[in-house]
$ cat structure11.cif   # mmCIF, C-alpha atoms
data_query
#
loop_
_atom_site.label_atom_id
_atom_site.label_comp_id
_atom_site.auth_asym_id
_atom_site.auth_seq_id
_atom_site.Cartn_x
_atom_site.Cartn_y
_atom_site.Cartn_z
CA MET E 1 -112.00 -80.44 25.08
CA VAL E 2 -108.96 -78.70 23.54
CA LYS E 3 -110.43 -75.29 24.32
CA TYR E 4 -111.02 -76.33 27.92
CA VAL E 5 -107.45 -77.63 28.30
CA ILE E 6 -105.98 -74.41 26.88
CA LYS E 7 -108.14 -72.31 29.20
CA ARG E 8 -107.09 -74.37 32.21
CA ILE E 9 -103.40 -74.13 31.30
CA VAL E 10 -103.65 -70.33 30.91
CA LEU E 11 -105.43 -70.10 34.26
CA MET E 12 -102.78 -72.35 35.82
CA ILE E 13 -99.97 -70.12 34.52
CA PHE E 14 -101.72 -67.01 35.83
CA THR E 15 -102.25 -68.60 39.24
CA PHE E 16 -98.62 -69.69 39.36
CA LEU E 17 -97.39 -66.17 38.57
CA VAL E 18 -99.62 -64.64 41.25
CA ILE E 19 -98.43 -67.10 43.90
CA ALA E 20 -94.79 -66.70 42.86
CA THR E 21 -95.03 -62.89 42.98
CA MET E 22 -96.69 -62.86 46.39
CA CYS E 23 -94.12 -65.28 47.85
CA PHE E 24 -91.19 -63.35 46.39
CA VAL E 25 -92.37 -60.02 47.78
CA LEU E 26 -93.28 -61.40 51.20
CA ILE E 27 -90.01 -63.33 51.68
CA LYS E 28 -88.00 -60.28 50.58
CA LEU E 29 -89.76 -58.15 53.20
CA LEU E 30 -88.29 -60.37 55.91
CA PRO E 31 -84.85 -59.26 57.11
CA LEU E 32 -81.87 -61.51 56.50
CA PRO E 33 -80.16 -63.02 59.57
CA ALA E 34 -77.57 -60.79 61.22
CA ILE E 35 -74.12 -61.29 59.73
CA LYS E 36 -72.26 -61.47 63.02
CA SER E 37 -74.53 -64.22 64.30
CA GLN E 38 -73.41 -66.46 61.44
CA GLY E 39 -69.80 -66.57 62.67
CA ARG E 40 -68.33 -65.92 59.23
CA ASP E 41 -66.27 -63.20 57.59
CA VAL E 42 -68.37 -60.05 57.39
CA GLU E 43 -66.80 -58.68 54.22
CA ILE E 44 -67.29 -61.91 52.28
CA ILE E 45 -70.96 -62.08 53.26
CA LEU E 46 -71.56 -58.43 52.34
CA MET E 47 -69.88 -58.91 48.97
CA ARG E 48 -71.91 -62.03 48.27
CA ARG E 49 -75.18 -60.26 49.11
CA GLU E 50 -74.24 -57.31 46.91
CA MET E 51 -73.39 -59.68 44.06
CA MET E 52 -76.72 -61.49 44.49
CA GLY E 53 -78.58 -58.17 44.31
CA TYR E 54 -80.06 -58.28 47.80
CA ASN E 55 -79.42 -54.54 48.30
CA LYS E 56 -81.43 -53.45 45.25
CA PRO E 57 -85.17 -52.53 45.24
CA ILE E 58 -87.58 -55.47 45.37
CA MET E 59 -88.92 -54.96 41.84
CA VAL E 60 -85.38 -54.85 40.44
CA GLN E 61 -84.60 -58.09 42.29
CA TYR E 62 -87.84 -59.59 40.97
CA TYR E 63 -86.95 -58.71 37.38
CA ARG E 64 -83.41 -60.10 37.74
CA TYR E 65 -84.70 -63.26 39.39
CA TRP E 66 -87.13 -64.06 36.57
CA LYS E 67 -84.49 -63.20 33.99
CA ASN E 68 -82.19 -65.80 35.54
CA VAL E 69 -84.95 -68.39 36.04
CA LEU E 70 -85.98 -68.21 32.39
CA HIS E 71 -82.39 -69.14 31.57
CA GLY E 72 -82.54 -72.11 33.94
CA ASP E 73 -80.61 -70.43 36.75
CA PHE E 74 -82.29 -70.64 40.16
CA GLY E 75 -79.32 -69.08 41.92
CA VAL E 76 -77.04 -70.36 44.65
CA GLY E 77 -77.47 -70.87 48.36
CA GLU E 78 -76.68 -68.05 50.78
CA GLN E 79 -77.66 -69.33 54.21
CA MET E 80 -77.83 -73.01 53.20
CA TYR E 81 -75.19 -74.72 51.07
CA PRO E 82 -73.33 -71.45 50.35
CA SER E 83 -72.36 -70.92 46.71
CA LEU E 84 -73.85 -74.28 45.63
CA GLU E 85 -76.46 -74.39 42.86
CA VAL E 86 -80.02 -74.55 44.19
CA ALA E 87 -81.20 -76.82 41.37
CA ASP E 88 -78.40 -79.33 42.01
CA ILE E 89 -79.17 -79.54 45.74
CA MET E 90 -82.89 -80.03 45.05
CA MET E 91 -82.16 -82.85 42.63
CA GLN E 92 -80.05 -84.53 45.32
CA LYS E 93 -82.86 -84.24 47.88
CA MET E 94 -85.75 -85.25 45.62
CA PRO E 95 -85.15 -89.05 45.59
CA TYR E 96 -85.70 -89.24 49.37
CA SER E 97 -89.12 -87.60 49.03
CA ILE E 98 -90.05 -89.75 46.03
CA VAL E 99 -89.13 -93.00 47.79
CA LEU E 100 -91.03 -92.03 50.96
CA ASN E 101 -94.18 -91.05 49.06
CA LEU E 102 -94.01 -94.02 46.70
CA TYR E 103 -93.89 -96.54 49.52
CA SER E 104 -96.64 -94.69 51.41
CA ILE E 105 -98.97 -94.60 48.41
CA LEU E 106 -98.39 -98.23 47.43
CA ILE E 107 -99.30 -99.26 50.97
CA ALA E 108 -102.13 -96.78 51.58
CA ILE E 109 -104.14 -97.14 48.37
CA PRO E 110 -105.04 -100.87 48.57
CA ILE E 111 -105.71 -100.63 52.31
CA GLY E 112 -107.90 -97.54 51.89
CA LEU E 113 -109.86 -99.11 49.04
CA LEU E 114 -110.43 -102.36 50.95
CA PHE E 115 -111.58 -100.58 54.12
CA GLY E 116 -113.86 -98.27 52.10
CA ILE E 117 -115.44 -101.12 50.14
CA TYR E 118 -115.90 -103.22 53.27
CA ALA E 119 -117.50 -100.31 55.16
CA ALA E 120 -119.90 -99.63 52.27
CA LEU E 121 -120.94 -103.29 52.06
CA LYS E 122 -121.50 -103.33 55.85
CA LYS E 123 -123.23 -99.96 55.91
CA ASN E 124 -124.87 -99.04 59.26
CA LYS E 125 -123.50 -102.18 60.90
CA TRP E 126 -120.94 -102.29 63.71
CA GLN E 127 -118.09 -102.85 61.23
CA ASP E 128 -119.06 -99.68 59.37
CA HIS E 129 -119.31 -97.67 62.60
CA LEU E 130 -115.92 -98.93 63.77
CA ILE E 131 -114.18 -98.06 60.50
CA SER E 132 -115.92 -94.67 60.28
CA THR E 133 -114.89 -93.79 63.83
CA ALA E 134 -111.27 -94.73 63.16
CA VAL E 135 -111.31 -92.72 59.93
CA MET E 136 -112.62 -89.62 61.69
CA ILE E 137 -109.91 -89.93 64.34
CA PHE E 138 -107.08 -90.23 61.79
CA ILE E 139 -108.48 -87.37 59.69
CA SER E 140 -109.04 -85.06 62.67
CA VAL E 141 -105.70 -85.64 64.42
CA PRO E 142 -102.74 -83.80 62.80
CA SER E 143 -100.20 -86.05 61.14
CA TYR E 144 -97.37 -84.97 63.43
CA VAL E 145 -99.26 -86.31 66.46
CA TYR E 146 -99.35 -89.93 65.35
CA ALA E 147 -95.91 -89.47 63.77
CA PHE E 148 -94.58 -88.76 67.26
CA LEU E 149 -96.56 -91.73 68.61
CA VAL E 150 -95.13 -94.05 65.96
CA GLN E 151 -91.65 -92.77 66.65
CA TYR E 152 -92.09 -93.12 70.42
CA ILE E 153 -93.69 -96.59 70.41
CA LEU E 154 -92.00 -98.37 67.50
CA CYS E 155 -88.61 -96.68 67.59
CA PHE E 156 -87.99 -95.63 71.18
CA LYS E 157 -89.95 -98.05 73.36
CA LEU E 158 -89.89 -101.22 71.26
CA GLY E 159 -86.68 -100.43 69.40
CA ALA E 160 -88.06 -102.16 66.31
CA PHE E 161 -86.96 -99.43 63.88
CA PRO E 162 -84.29 -96.71 63.80
CA LEU E 163 -85.29 -93.20 64.86
CA THR E 164 -84.04 -91.63 61.63
CA ALA E 165 -83.73 -92.62 57.99
CA ALA E 166 -80.61 -94.36 56.75
CA SER E 167 -78.06 -92.38 54.76
CA MET E 168 -76.96 -93.35 51.28
CA GLU E 169 -73.65 -94.55 52.69
CA GLU E 170 -75.53 -97.05 54.85
CA ALA E 171 -78.28 -98.07 52.39
CA LYS E 172 -76.25 -98.02 49.14
CA SER E 173 -79.53 -97.67 47.21
CA PHE E 174 -82.86 -95.85 47.63
CA PHE E 175 -84.74 -99.11 47.02
CA SER E 176 -82.62 -101.34 49.24
CA TRP E 177 -84.01 -103.21 52.24
CA THR E 178 -81.93 -101.05 54.59
CA MET E 179 -83.51 -97.87 53.26
CA PHE E 180 -87.02 -99.31 53.33
CA TYR E 181 -86.58 -100.64 56.87
CA SER E 182 -85.36 -97.27 58.14
CA LEU E 183 -88.29 -95.48 56.45
CA VAL E 184 -91.04 -97.75 57.82
CA PRO E 185 -92.03 -95.40 60.72
CA ALA E 186 -92.17 -92.44 58.33
CA ILE E 187 -94.09 -94.48 55.75
CA LEU E 188 -96.68 -95.51 58.34
CA SER E 189 -97.06 -91.95 59.61
CA SER E 190 -97.46 -90.63 56.08
CA ALA E 191 -99.89 -93.37 55.04
CA PHE E 192 -102.39 -92.91 57.88
CA GLY E 193 -103.95 -89.78 56.39
CA THR E 194 -104.14 -91.22 52.86
CA VAL E 195 -105.76 -94.43 54.11
CA ALA E 196 -108.34 -92.49 56.13
CA GLY E 197 -109.20 -90.11 53.31
CA LEU E 198 -109.46 -92.83 50.68
CA THR E 199 -111.54 -95.03 52.98
CA ARG E 200 -114.07 -92.27 53.63
CA PHE E 201 -114.28 -91.29 49.96
CA THR E 202 -114.63 -94.87 48.73
CA ARG E 203 -117.31 -95.66 51.29
CA ALA E 204 -119.33 -92.56 50.38
CA GLU E 205 -119.16 -93.19 46.62
CA LEU E 206 -119.85 -96.92 46.79
CA SER E 207 -122.71 -96.46 49.28
CA GLU E 208 -124.39 -94.04 46.89
CA VAL E 209 -123.91 -96.35 43.93
CA LEU E 210 -125.28 -99.37 45.81
CA THR E 211 -128.62 -97.57 46.24
CA GLY E 212 -128.97 -96.81 42.50
CA ASP E 213 -131.94 -98.00 40.50
CA TYR E 214 -129.77 -99.62 37.85
CA LEU E 215 -128.26 -101.91 40.49
CA LEU E 216 -131.76 -103.09 41.46
CA LEU E 217 -132.50 -103.66 37.77
CA ALA E 218 -129.34 -105.76 37.46
CA ARG E 219 -130.49 -107.92 40.37
CA THR E 220 -133.92 -108.43 38.82
CA LYS E 221 -132.23 -109.65 35.63
CA GLY E 222 -130.72 -112.55 37.54
CA LEU E 223 -127.34 -111.28 38.68
CA THR E 224 -126.25 -112.21 42.17
CA ARG E 225 -125.39 -109.46 44.66
CA SER E 226 -121.68 -110.09 44.19
CA GLN E 227 -121.96 -110.00 40.40
CA ALA E 228 -123.97 -106.77 40.48
CA ILE E 229 -121.44 -105.13 42.80
CA VAL E 230 -118.39 -106.16 40.77
CA ARG E 231 -119.81 -105.54 37.29
CA HIS E 232 -121.82 -102.38 37.92
CA ALA E 233 -121.35 -100.80 41.36
CA MET E 234 -117.55 -100.94 41.52
CA ARG E 235 -117.15 -99.74 37.93
CA ASN E 236 -119.28 -96.65 38.50
CA ALA E 237 -117.87 -95.93 41.95
CA MET E 238 -114.32 -95.93 40.58
CA VAL E 239 -115.04 -92.98 38.27
CA PRO E 240 -114.50 -90.34 41.01
CA ILE E 241 -112.09 -92.52 43.03
CA LEU E 242 -109.47 -93.15 40.32
CA PRO E 243 -108.74 -89.42 39.77
CA MET E 244 -108.14 -89.11 43.52
CA ILE E 245 -105.64 -91.98 43.35
CA LEU E 246 -104.04 -90.39 40.29
CA GLY E 247 -103.67 -87.15 42.24
CA GLU E 248 -101.77 -89.00 44.94
CA PHE E 249 -99.27 -90.27 42.38
CA ILE E 250 -98.92 -86.81 40.81
CA GLY E 251 -98.02 -85.42 44.23
CA ILE E 252 -95.41 -88.11 44.80
CA LEU E 253 -92.59 -85.61 44.23
CA GLY E 254 -93.78 -83.25 46.91
CA GLY E 255 -92.65 -85.09 49.99
CA SER E 256 -93.98 -84.30 53.43
CA LEU E 257 -92.93 -81.14 55.24
CA ILE E 258 -93.74 -82.44 58.72
CA ILE E 259 -92.89 -86.14 58.39
CA GLU E 260 -89.51 -85.47 56.81
CA ASN E 261 -88.56 -83.12 59.65
CA ILE E 262 -89.69 -85.48 62.42
CA PHE E 263 -87.80 -88.46 61.02
CA ALA E 264 -84.80 -86.42 59.76
CA ILE E 265 -85.33 -87.44 56.13
CA PRO E 266 -83.20 -85.16 53.92
CA GLY E 267 -85.88 -84.63 51.28
CA ILE E 268 -87.50 -81.68 49.55
CA GLY E 269 -89.90 -81.09 52.45
CA LYS E 270 -87.13 -80.74 55.02
CA LEU E 271 -85.21 -78.48 52.63
CA TYR E 272 -88.26 -76.21 52.32
CA THR E 273 -88.86 -75.78 56.05
CA THR E 274 -85.15 -75.15 56.67
CA ALA E 275 -85.10 -72.52 53.91
CA ILE E 276 -88.00 -70.72 55.60
CA ASN E 277 -86.37 -70.85 59.03
CA VAL E 278 -82.99 -69.49 57.89
CA ARG E 279 -84.55 -67.21 55.22
CA ASP E 280 -82.57 -68.45 52.26
CA TYR E 281 -84.36 -66.63 49.44
CA ASN E 282 -83.22 -68.75 46.49
CA PHE E 283 -84.00 -72.09 48.11
CA PHE E 284 -87.36 -70.80 49.34
CA MET E 285 -88.40 -69.56 45.90
CA ALA E 286 -87.23 -72.71 44.10
CA ASP E 287 -89.15 -74.91 46.56
CA THR E 288 -92.20 -72.65 46.25
CA PHE E 289 -92.11 -73.00 42.46
CA PHE E 290 -91.77 -76.75 42.85
CA TYR E 291 -94.70 -77.23 45.24
CA THR E 292 -96.95 -74.77 43.40
CA LEU E 293 -96.41 -76.48 40.06
CA ILE E 294 -97.08 -79.90 41.55
CA GLY E 295 -100.33 -78.70 43.12
CA LEU E 296 -101.57 -76.97 39.97
CA ALA E 297 -100.53 -79.80 37.65
CA SER E 298 -102.19 -82.33 39.94
CA GLY E 299 -105.48 -80.43 39.83
CA LEU E 300 -105.36 -80.16 36.05
CA VAL E 301 -104.56 -83.85 35.51
CA ILE E 302 -107.31 -84.91 37.94
CA ASP E 303 -109.91 -82.80 36.12
CA LEU E 304 -108.87 -84.10 32.71
CA SER E 305 -108.78 -87.69 33.89
CA TYR E 306 -112.56 -87.66 34.50
CA GLY E 307 -113.15 -87.34 30.76
CA PHE E 308 -110.78 -90.20 29.93
CA ILE E 309 -112.13 -92.52 32.64
CA ASP E 310 -115.76 -91.89 31.75
CA PRO E 311 -116.39 -90.74 28.12
CA ARG E 312 -119.85 -89.53 29.16
CA ILE E 313 -118.19 -86.64 31.01
CA LYS E 314 -117.49 -83.79 28.59
CA MET E 315 -115.00 -81.26 29.90
CA GLY E 316 -115.87 -77.62 29.28
CA GLU E 317 -119.39 -78.46 28.06
CA ARG E 318 -122.38 -76.51 29.28
#
$ encode --input "structure11.cif" --output "structure tokens"
Amino acid sequence: MVKYVIKRIVLMIFTFLVIATMCFVLIKLLPLPAIKSQGRDVEIILMRREMMGYNKPIMVQYYRYWKNVLHGDFGVGEQMYPSLEVADIMMQKMPYSIVLNLYSILIAIPIGLLFGIYAALKKNKWQDHLISTAVMIFISVPSYVYAFLVQYILCFKLGAFPLTAASMEEAKSFFSWTMFYSLVPAILSSAFGTVAGLTRFTRAELSEVLTGDYLLLARTKGLTRSQAIVRHAMRNAMVPILPMILGEFIGILGGSLIIENIFAIPGIGKLYTTAINVRDYNFFMADTFFYTLIGLASGLVIDLSYGFIDPRIKMGER
């Protein structure tokens, strides 16, 4: 187990370095926006870019960047938030993404599990077909499509919710009713995909377990159908489902690139897309590090969780 964990961590570090190197080189190959189009003093901008090393060869910039990062310095903004620390701005934006994802997950997980269990128990009946059809629709349609529909119907036509998220001046707290109420359209839009994916996965796993021989043996020993499902089927079906739920919570910091932009939520996702559009190197690289680490850590934790949830699973064994 320890050997497997060490091997996975080494592989994760290697993958992270490859992704970081590719992103750094590719973003540096893109030209910076023209100075005159920014409407600022040309000399100040040229001096700032010289100071930040933008005029040096890419490999020299790469070496200097990693040297600074290893000392905890992710640089300052050039196109966005000029001269402000990148790390400080990201820490200010992160709570918005965390709150949005936390609410979405807390709503999506119980609904997805209930729909998946119900569809498995009603397998091949009209209830199962109805749920499966709805799941395929929500999985197939991009999230921004029903995000626009939610915004149009609930916010514009019905006027039940505001079009954009509340600011901290209005909400006073990230967990206040004002903040939650303003995030409801974004929460719904973000939860649709999670509900659909979890429903499909739960239905598939539970349907397979319900046809197992050991479940038939439990029934022959005198257990009712409900007792057999709760004591045996659900316990075994949850082995692959719980790591998926754990992965959702690991990715809670990531935010949503599309949802945050549609509903004007000033989170990490919106910061990332803006950094790409305006080609702010330091913000782009810091966000890339952030999202890459979350993805890799999530995969590692999910794999390791199988061994803790079910001791019969031995990680790294042949």
$ atom_distance --input "structure11.cif" --atom1 "atom CA of Val99 of chain E" --atom2 "atom CA of His71 of chain E"
29.6 Å
$ closest_residue --input "structure11.cif" --among "E:Arg48, E:Ala237, E:Asn124, E:Arg200" --to "Ser83 of chain E" --atoms "all atoms listed in the file"
E:Arg48
$ resolve_selection --input "structure11.cif" --expression "the PyMOL selection byres ((chain E and resi 150-160) around 9)" --output "list in words"
Val145, Tyr146, Ala147, Phe148, Leu149, Phe161, Pro162, Leu163, Pro185, Ala186, Leu188, Ser189, Ile262 and Phe263 of chain E
$ resolve_selection --input "structure11.cif" --expression "the PyMOL selection byres ((chain E and resi 269-280) around 8)" --output "ChimeraX atom specification"
/E:27,30,32-33,77-80,93,97,254-258,260-261,264-268,281-284,287
$ residues_around --input "structure11.cif" --residues "Met234 of chain E" --least-positions-apart "6" --cutoff "9 Å" --atoms "all atoms listed in the file" --output "CSV table (one decimal) with C-alpha atoms, in the coordinates of the input"
chain,number,residue,atom,x,y,z
E,117,ILE,CA,-115.4,-101.1,50.1
E,206,LEU,CA,-119.8,-96.9,46.8
E,209,VAL,CA,-123.9,-96.4,43.9
E,210,LEU,CA,-125.3,-99.4,45.8
E,228,ALA,CA,-124.0,-106.8,40.5
$ atom_distance --input "structure11.cif" --atom1 "atom CA of Ser104 of chain E" --atom2 "atom CA of Ile187 of chain E"
5.0 Å
$ resolve_selection --input "structure11.cif" --expression "the PyMOL selection byres ((chain E and resi 202) around 7)" --output "ChimeraX atom specification"
/E:113,116-117,198-201,203-206,241
$ write_last_selection --input "structure11.cif" --atoms "C-alpha atoms" --output "mmCIF file, in the frame of the given file"
data_model
loop_
_atom_site.group_PDB
_atom_site.id
_atom_site.type_symbol
_atom_site.label_atom_id
_atom_site.label_comp_id
_atom_site.auth_asym_id
_atom_site.auth_seq_id
_atom_site.Cartn_x
_atom_site.Cartn_y
_atom_site.Cartn_z
ATOM 1 C CA LEU E 113 -109.860 -99.110 49.040
ATOM 2 C CA GLY E 116 -113.860 -98.270 52.100
ATOM 3 C CA ILE E 117 -115.440 -101.120 50.140
ATOM 4 C CA LEU E 198 -109.460 -92.830 50.680
ATOM 5 C CA THR E 199 -111.540 -95.030 52.980
ATOM 6 C CA ARG E 200 -114.070 -92.270 53.630
ATOM 7 C CA PHE E 201 -114.280 -91.290 49.960
ATOM 8 C CA ARG E 203 -117.310 -95.660 51.290
ATOM 9 C CA ALA E 204 -119.330 -92.560 50.380
ATOM 10 C CA GLU E 205 -119.160 -93.190 46.620
ATOM 11 C CA LEU E 206 -119.850 -96.920 46.790
ATOM 12 C CA ILE E 241 -112.090 -92.520 43.030
#
$ closest_residue --input "structure11.cif" --among "E:Leu216, E:Met12, E:Ile89, E:Ile58" --to "Val301 of chain E" --atoms "all atoms listed in the file"
E:Met12
$ atom_distance --input "structure11.cif" --atom1 "atom CA of Ala233 of chain E" --atom2 "atom CA of Gly212 of chain E"
8.7 Å
